[in-house]
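Visitor: One structure, as structure tokens, below. Some questions next.
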Amino acid sequence: QESRGLGDVYKRQILSLLDRNRHVAALERGELSVVTWGDTAVMFGPIQFRFKRSDGTERELSAYATQTFRRTSAGWRVVSFQSTPVNPA
């Protein structure tokens with residue numbers, strides 16, 4: 001299949017992530033950085049997913065993730081999570 005640029009690459013990656021016939025088989029986090037401001041914290045760093053499809057095949061995805069937390073009376077809660085696929089080193 002011919003690619004028409006990065007938009008097509010990202011579209012294929014997003015469609016792959018939305019595949020309902022798979023689950024996360026493993027997740028590893030690299031070295032994380034954390035910055036806090038009062039009741040808000042941001043954690044960011046590399047993340048490696050390994051997905052397993054219902055047919056038994058597996059796929060790995062390297063990404064850089066950012067998570068934002070808010071301290072509440074019940075403790076720290078995730079208010080935002082974002083990951084961007086990156087090429088493996």
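By convention here, the chains of the structure tokens are called A, B, ... in the order presented, each chain's residues are numbered starting at 1, and ligands are numbered starting at 1 in the order presented.
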Determine which residues of stretch 48-89 of chain A DSSP labels as strand (DSSP E or B) from the backbone of this structure, then write them out as a PyMOL selection string.
Guide: chain A and resi 48-53+58-72+75-85
Visitor: Which residues, written as a list of chain:residue names, have at least one atom at most 9 Å from A:Trp76, with only C-alpha atoms counted and residues fewer than 4 positions away on the same chain left out?
Guide: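 The residues satisfying every condition are A:Asp39, A:Thr40, A:Ala41, A:Phe69, A:Arg70, A:Arg71, A:Thr72.
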Visitor: Smallest atom-to-atom distance to A:Ala25: which of A:Gly38, A:Pro85, A:Gly56, A:Gly75, using only C-alpha atoms?
Guide: A:Gly56
Visitor: Between A:Val35, A:Thr66, A:Arg77, A:Ala26, which has the minimum distance to A:Phe49 (counting only C-alpha atoms)?
Guide: A:Ala26
Visitor: When you count only C-alpha atoms, which of these residues is closest to A:Val79: A:Lys52, A:Arg59, A:Val42, A:Ile47?
Guide: A:Val42
Visitor: Could you please determine the separation between atom CA of A:Leu61 and atom CA of A:Val34 in Å, to one decimal place?
Guide: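 Those two atoms sit 22.7 Å apart.
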Visitor: Near A:Arg29, counting only C-alpha atoms, which residues have an atom at most 12 Å away, once you skip same-chain residues fewer than 3 positions from it, shown as a list in words?
Guide: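 So, after excluding close chain neighbours, the residues are Ala26, Leu32, Ser33, Met43, Phe44, Gly45, Pro46, Ile47, Gln48, Phe49, Arg50, Ser62, Ala63, Tyr64, Ala65 and Thr66 of chain A.
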Visitor: What is the distance between atom CA of A:Val78 and atom CA of A:Phe51, in Å to one decimal?
Guide: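 Those two atoms sit 22.7 Å apart.
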Visitor: What is the atom CA of A:Val24-atom CA of A:Gln67 distance in Å, reported with one decimal?
Guide: 18.2 Å
